$ cat work_22.txt   # compact mmCIF, C-alpha atoms
# COMPACT_ATOMS: atom_id res chain seq x y z
CA MET N 121 0.00 0.00 0.00
CA SER N 122 2.85 2.41 0.81
CA VAL N 123 6.65 2.54 0.72
CA ALA N 124 9.21 5.15 1.75
CA PHE N 125 12.99 5.54 2.01
CA SER N 126 14.75 6.48 5.21
CA PRO N 127 16.38 9.94 5.10
CA ASP N 128 19.87 8.43 4.75
CA GLY N 129 18.73 6.08 1.97
CA THR N 130 19.84 2.90 3.75
CA HIS N 131 16.41 1.47 4.58
CA ILE N 132 12.91 1.19 3.14
CA VAL N 133 9.67 0.95 5.11
CA SER N 134 6.58 -0.70 3.65
CA GLY N 135 2.97 -0.89 4.80
CA SER N 136 0.72 -3.72 3.68
CA TRP N 137 -2.81 -5.08 3.46
CA ASP N 138 -1.55 -7.90 5.71
CA LYS N 139 -1.63 -5.38 8.63
CA THR N 140 2.16 -5.31 9.04
CA ILE N 141 4.96 -2.81 8.49
CA CYS N 142 8.34 -4.07 7.33
CA VAL N 143 11.74 -2.38 7.35
CA TRP N 144 14.21 -3.52 4.71
CA ASP N 145 17.94 -3.11 4.13
CA CYS N 146 18.34 -1.27 0.80
CA SER N 147 21.69 -2.82 -0.10
CA THR N 148 20.85 -6.46 0.62
CA GLY N 149 17.06 -6.57 0.39
CA ALA N 150 16.94 -8.30 3.77
CA GLU N 151 13.99 -7.74 6.08
CA VAL N 152 15.37 -6.02 9.17
CA LEU N 153 12.19 -5.54 11.21
CA GLN N 154 8.51 -6.43 11.13
CA LEU N 155 6.25 -4.09 13.09
CA THR N 156 2.94 -5.53 14.26
CA GLY N 157 0.09 -3.92 16.12
CA HIS N 158 -2.36 -2.63 13.54
CA THR N 159 -5.55 -4.66 13.23
CA ASP N 160 -6.33 -3.73 9.61
CA SER N 161 -4.57 -2.75 6.39
CA VAL N 162 -1.71 -0.23 6.64
CA ASN N 163 -2.36 2.49 4.05
CA SER N 164 0.51 4.92 4.61
CA VAL N 165 4.01 4.91 6.14
CA ALA N 166 6.81 7.46 6.51
CA PHE N 167 10.11 7.96 8.33
CA SER N 168 10.73 10.92 10.61
CA PRO N 169 13.23 13.47 9.24
CA ASP N 170 16.00 12.14 11.49
CA GLY N 171 15.18 8.52 10.62
CA THR N 172 14.66 7.43 14.23
CA HIS N 173 10.90 6.95 13.99
CA ILE N 174 8.29 5.57 11.61
CA VAL N 175 4.68 6.69 11.42
CA SER N 176 1.89 4.51 10.02
CA GLY N 177 -1.78 5.06 9.22
CA SER N 178 -4.24 2.20 9.03
CA GLU N 179 -7.79 1.21 8.17
CA ASP N 180 -8.10 0.38 11.89
CA LYS N 181 -8.56 4.18 12.33
CA THR N 182 -5.27 4.66 14.20
CA VAL N 183 -1.94 6.34 13.63
CA CYS N 184 1.07 4.61 15.21
CA VAL N 185 4.60 5.83 15.88
CA TRP N 186 7.42 3.27 16.07
CA ASP N 187 11.10 3.20 16.99
CA SER N 188 12.78 2.47 13.65
CA SER N 189 15.70 0.60 15.25
CA SER N 190 13.88 -1.67 17.70
CA GLY N 191 10.40 -1.82 16.19
CA THR N 192 8.85 -0.80 19.51
CA GLN N 193 5.50 0.98 19.29
CA LEU N 194 5.90 4.35 21.01
CA LEU N 195 2.51 5.97 20.41
CA GLN N 196 -0.94 4.97 19.23
CA LEU N 197 -2.89 8.04 18.16
CA THR N 198 -6.67 7.67 18.22
CA GLY N 199 -9.23 10.22 17.13
CA HIS N 200 -10.21 9.41 13.57
CA THR N 201 -13.56 7.69 13.15
CA SER N 202 -12.72 5.92 9.87
CA ASP N 203 -9.76 4.65 7.83
CA VAL N 204 -6.54 6.68 7.95
CA SER N 205 -5.50 7.17 4.33
CA SER N 206 -2.35 9.30 4.55
CA VAL N 207 0.30 10.25 7.14
CA ALA N 208 3.41 12.45 7.14
CA PHE N 209 5.96 13.90 9.55
CA SER N 210 6.62 17.63 9.53
CA PRO N 211 10.12 18.45 8.22
CA ASP N 212 11.09 19.70 11.69
CA GLY N 213 9.94 16.39 13.19
CA THR N 214 7.70 17.94 15.83
CA HIS N 215 4.33 17.03 14.33
CA ILE N 216 2.51 14.36 12.36
CA VAL N 217 -0.40 14.99 10.00
CA SER N 218 -3.01 12.37 9.13
CA GLY N 219 -5.88 12.42 6.64
CA SER N 220 -8.90 10.14 6.90
CA VAL N 221 -11.97 8.78 5.19
CA ASP N 222 -13.87 10.56 8.01
CA ASN N 223 -13.28 13.82 6.00
CA THR N 224 -10.93 15.28 8.64
CA ILE N 225 -7.25 16.00 9.09
CA CYS N 226 -5.48 15.62 12.43
CA VAL N 227 -2.24 17.35 13.37
CA TRP N 228 -0.54 15.53 16.25
CA ASP N 229 2.32 16.59 18.49
CA SER N 230 4.80 13.77 17.88
CA SER N 231 5.94 13.79 21.53
CA THR N 232 2.77 14.44 23.52
CA ALA N 233 0.06 13.20 21.08
CA GLU N 234 -1.85 16.48 21.54
CA VAL N 235 -4.16 16.85 18.52
CA LEU N 236 -5.50 19.70 16.38
CA ARG N 237 -8.41 18.71 14.12
CA LEU N 238 -8.93 20.40 10.74
CA THR N 239 -12.38 20.29 9.17
CA GLY N 240 -13.66 21.60 5.86
CA HIS N 241 -13.52 18.80 3.33
CA THR N 242 -16.88 17.22 2.53
CA ARG N 243 -15.55 13.82 1.45
CA SER N 244 -12.61 11.54 2.27
CA VAL N 245 -9.17 13.09 2.64
CA SER N 246 -6.88 11.03 0.43
CA SER N 247 -3.52 12.77 0.79
CA VAL N 248 -1.77 15.16 3.19
CA ALA N 249 1.67 16.80 3.24
CA PHE N 250 3.61 19.51 5.07
CA SER N 251 5.33 22.47 3.45
CA PRO N 252 9.16 22.38 3.61
CA ASP N 253 9.17 24.92 6.47
CA SER N 254 6.49 22.96 8.43
CA THR N 255 4.18 26.01 8.65
CA HIS N 256 1.53 24.80 6.20
CA ILE N 257 -0.32 21.61 5.33
CA VAL N 258 -1.85 20.71 1.98
CA SER N 259 -4.67 18.20 1.67
CA GLY N 260 -6.40 16.55 -1.27
CA SER N 261 -9.88 15.07 -1.13
CA TRP N 262 -12.48 13.04 -2.94
CA ASP N 263 -14.54 16.26 -2.87
CA LYS N 264 -12.27 17.33 -5.82
CA THR N 265 -10.63 20.17 -3.85
CA ILE N 266 -7.19 20.90 -2.43
CA CYS N 267 -6.93 22.90 0.79
CA VAL N 268 -3.99 24.71 2.36
CA TRP N 269 -3.99 25.07 6.15
CA ASP N 270 -1.99 26.88 8.81
CA SER N 271 -0.35 23.98 10.65
CA SER N 272 -0.27 25.76 14.03
CA THR N 273 -3.80 27.22 14.14
CA GLY N 274 -5.69 24.88 11.81
CA ALA N 275 -7.07 27.83 9.82
CA GLU N 276 -7.95 27.12 6.19
CA LEU N 277 -5.92 29.58 4.10
CA LEU N 278 -6.67 28.53 0.52
CA GLN N 279 -9.01 26.24 -1.38
CA LEU N 280 -7.84 25.20 -4.85
CA THR N 281 -10.52 24.13 -7.31
CA GLY N 282 -10.25 22.90 -10.87
CA HIS N 283 -10.15 19.11 -10.79
CA THR N 284 -13.24 17.32 -12.07
CA GLY N 285 -12.52 14.08 -10.23
CA SER N 286 -11.31 12.95 -6.82
CA VAL N 287 -7.87 14.24 -5.83
CA ASN N 288 -5.58 11.31 -5.05
CA SER N 289 -2.24 12.86 -4.20
CA VAL N 290 -0.86 16.28 -3.18
CA ALA N 291 2.55 17.70 -2.28
CA PHE N 292 4.52 20.91 -1.98
CA SER N 293 7.48 21.49 -4.28
CA PRO N 294 10.87 21.19 -2.53
CA ASP N 295 11.14 24.99 -2.30
CA GLY N 296 7.55 25.39 -1.08
CA THR N 297 6.51 27.79 -3.84
CA HIS N 298 4.21 25.38 -5.65
CA ILE N 299 1.66 22.67 -4.90
CA VAL N 300 1.03 19.71 -7.17
CA SER N 301 -2.14 17.62 -7.25
CA SER N 302 -3.14 14.53 -9.21
CA SER N 303 -6.61 13.20 -9.78
CA TRP N 304 -8.92 10.54 -11.16
CA ASP N 305 -9.71 13.14 -13.84
CA ARG N 306 -6.41 12.03 -15.48
CA THR N 307 -4.69 15.39 -14.95
CA ILE N 308 -1.95 16.92 -12.82
CA HIS N 309 -2.26 20.54 -11.72
CA VAL N 310 0.57 22.77 -10.51
CA TRP N 311 -0.53 25.70 -8.34
CA ASP N 312 1.15 28.78 -6.88
CA SER N 313 1.12 28.04 -3.14
CA SER N 314 0.73 31.71 -2.19
CA THR N 315 -1.95 32.88 -4.61
CA SER N 316 -3.69 29.58 -5.53
CA ALA N 317 -3.28 30.44 -9.22
CA GLU N 318 -2.99 27.44 -11.54
CA VAL N 319 0.47 27.49 -13.12
CA LEU N 320 0.40 24.27 -15.16
CA HIS N 321 -2.24 21.77 -16.31
CA LEU N 322 -0.58 18.50 -17.34
CA THR N 323 -2.48 16.06 -19.54
CA GLY N 324 -1.41 12.82 -21.18
CA HIS N 325 -2.54 9.95 -18.98
CA ILE N 326 -5.65 8.16 -20.25
CA SER N 327 -6.79 6.91 -16.85
CA GLY N 328 -6.77 8.12 -13.25
CA ILE N 329 -3.44 9.15 -11.72
CA SER N 330 -2.76 7.34 -8.46
CA SER N 331 0.54 8.87 -7.36
CA PHE N 332 3.28 11.36 -8.21
CA ALA N 333 6.54 12.66 -6.78
CA PHE N 334 8.89 15.62 -7.26
CA SER N 335 12.55 15.18 -8.11
CA PRO N 336 14.75 16.41 -5.23
CA ASP N 337 15.70 19.55 -7.18
CA GLY N 338 12.05 20.30 -8.00
CA THR N 339 12.58 20.45 -11.76
CA HIS N 340 10.63 17.33 -12.65
CA ILE N 341 7.48 15.45 -11.63
CA VAL N 342 6.96 11.71 -12.08
CA SER N 343 3.44 10.28 -12.15
CA GLY N 344 1.94 6.80 -12.10
CA SER N 345 -1.47 5.96 -13.51
CA TRP N 346 -4.06 3.22 -13.77
CA ASP N 347 -3.36 3.38 -17.54
CA LYS N 348 -0.21 1.32 -16.70
CA THR N 349 2.20 4.10 -17.65
CA ILE N 350 4.65 6.39 -15.84
CA CYS N 351 5.21 9.92 -17.10
CA VAL N 352 8.01 12.37 -16.32
CA TRP N 353 7.10 16.05 -16.65
CA ASP N 354 9.04 19.30 -16.67
CA SER N 355 7.62 21.14 -13.64
$ encode --input "work_22.txt" --output "structure tokens"
Amino acid sequence: MSVAFSPDGTHIVSGSWDKTICVWDCSTGAEVLQLTGHTDSVNSVAFSPDGTHIVSGSEDKTVCVWDSSSGTQLLQLTGHTSDVSSVAFSPDGTHIVSGSVDNTICVWDSSTAEVLRLTGHTRSVSSVAFSPDSTHIVSGSWDKTICVWDSSTGAELLQLTGHTGSVNSVAFSPDGTHIVSSSWDRTIHVWDSSTSAEVLHLTGHISGISSFAFSPDGTHIVSGSWDKTICVWDS
């Protein structure tokens, strides 16, 4: 369901429909750890910026934080009332954001588990991400909108509209100046993160786009689609 590299590139974490999380050695392919505790499919996983922790979101409605060396579960965050679809650490490591099928977003203190709940979407939240400076959160929803939020107050700052299908994936560019969204409408949109103006409208896939990622330097976008193709775009 979800895979992610550790910050130093030496390990991979994977979340699965079999309810487990595995940590793998990148050089050998060996399984290093298996983390168990979720009672339903694991939809999303990520490493903390310093690589010492892993966060997971599951269809069991919980978000869990794990020690990436020992596999010990450190926190179980409860508050969502339906499947957790997406999780991410803030770049400064102090907070975790989760998006859920319950239409809400939760921002958790990664040490104390204190929660701030963001509401505004009218359908499932499929994807969440922090800005590079940790001050903003972007969310994409099945309600076809993208929202930008103040990560400290929970205030909705922008709502980006233009997709004609559910939004599956969202992210900030590495420099924070742009937001990218992909959708079941077969398009990718690039937005100005300050003004909400649409900068680019990328078409070419002939089926829904399930996932995308920026190159580290922000100059390219790679997208994967249900049409069985991968496209690389100039951002």
$ residues_around --input "work_22.txt" --residues "N:Pro169" --least-positions-apart "4" --cutoff "9 Å" --atoms "only C-alpha atoms" --output "PyMOL selection string"
chain N and resi 126-127+173+209-213
$ residues_around --input "work_22.txt" --residues "stretch 236-244 of chain N" --least-positions-apart "6" --cutoff "8 Å" --atoms "only C-alpha atoms" --output "list in words"
Ser220, Val221, Asp222, Asn223, Thr224, Ile225, Cys226, Val227, Trp228, Ser261, Trp262, Asp263, Thr265, Gly274, Ala275 and Glu276 of chain N
$ write_last_selection --input "work_22.txt" --atoms "C-alpha atoms" --output "CSV table (one decimal), keeping the file's coordinate frame"
chain,number,residue,atom,x,y,z
N,220,SER,CA,-8.9,10.1,6.9
N,221,VAL,CA,-12.0,8.8,5.2
N,222,ASP,CA,-13.9,10.6,8.0
N,223,ASN,CA,-13.3,13.8,6.0
N,224,THR,CA,-10.9,15.3,8.6
N,225,ILE,CA,-7.2,16.0,9.1
N,226,CYS,CA,-5.5,15.6,12.4
N,227,VAL,CA,-2.2,17.4,13.4
N,228,TRP,CA,-0.5,15.5,16.2
N,261,SER,CA,-9.9,15.1,-1.1
N,262,TRP,CA,-12.5,13.0,-2.9
N,263,ASP,CA,-14.5,16.3,-2.9
N,265,THR,CA,-10.6,20.2,-3.8
N,274,GLY,CA,-5.7,24.9,11.8
N,275,ALA,CA,-7.1,27.8,9.8
N,276,GLU,CA,-8.0,27.1,6.2
$ atom_distance --input "work_22.txt" --atom1 "atom CA of N:His325" --atom2 "atom CA of N:Thr281"
20.0 Å
$ atom_distance --input "work_22.txt" --atom1 "atom CA of N:Ala233" --atom2 "atom CA of N:Pro252"
21.7 Å
$ residues_near_point --input "work_22.txt" --point "(14.1, 4.4, 11.3)" --cutoff "7 Å" --atoms "all atoms listed in the file" --output "list of chain:residue names"
N:Ser126, N:Phe167, N:Gly171, N:Thr172, N:His173, N:Ile174, N:Asp187, N:Ser188, N:Ser189
$ atom_distance --input "work_22.txt" --atom1 "atom CA of N:Ser218" --atom2 "atom CA of N:Arg306"
24.8 Å
$ residues_around --input "work_22.txt" --residues "N:Gly260" --least-positions-apart "6" --cutoff "6 Å" --atoms "all atoms listed in the file" --output "compact mmCIF listing (two decimals) with C-alpha atoms, keeping the file's coordinate frame"
# COMPACT_ATOMS: atom_id res chain seq x y z
CA VAL N 245 -9.17 13.09 2.64
CA SER N 246 -6.88 11.03 0.43
CA SER N 247 -3.52 12.77 0.79
CA ILE N 266 -7.19 20.90 -2.43
CA VAL N 287 -7.87 14.24 -5.83
CA VAL N 290 -0.86 16.28 -3.18
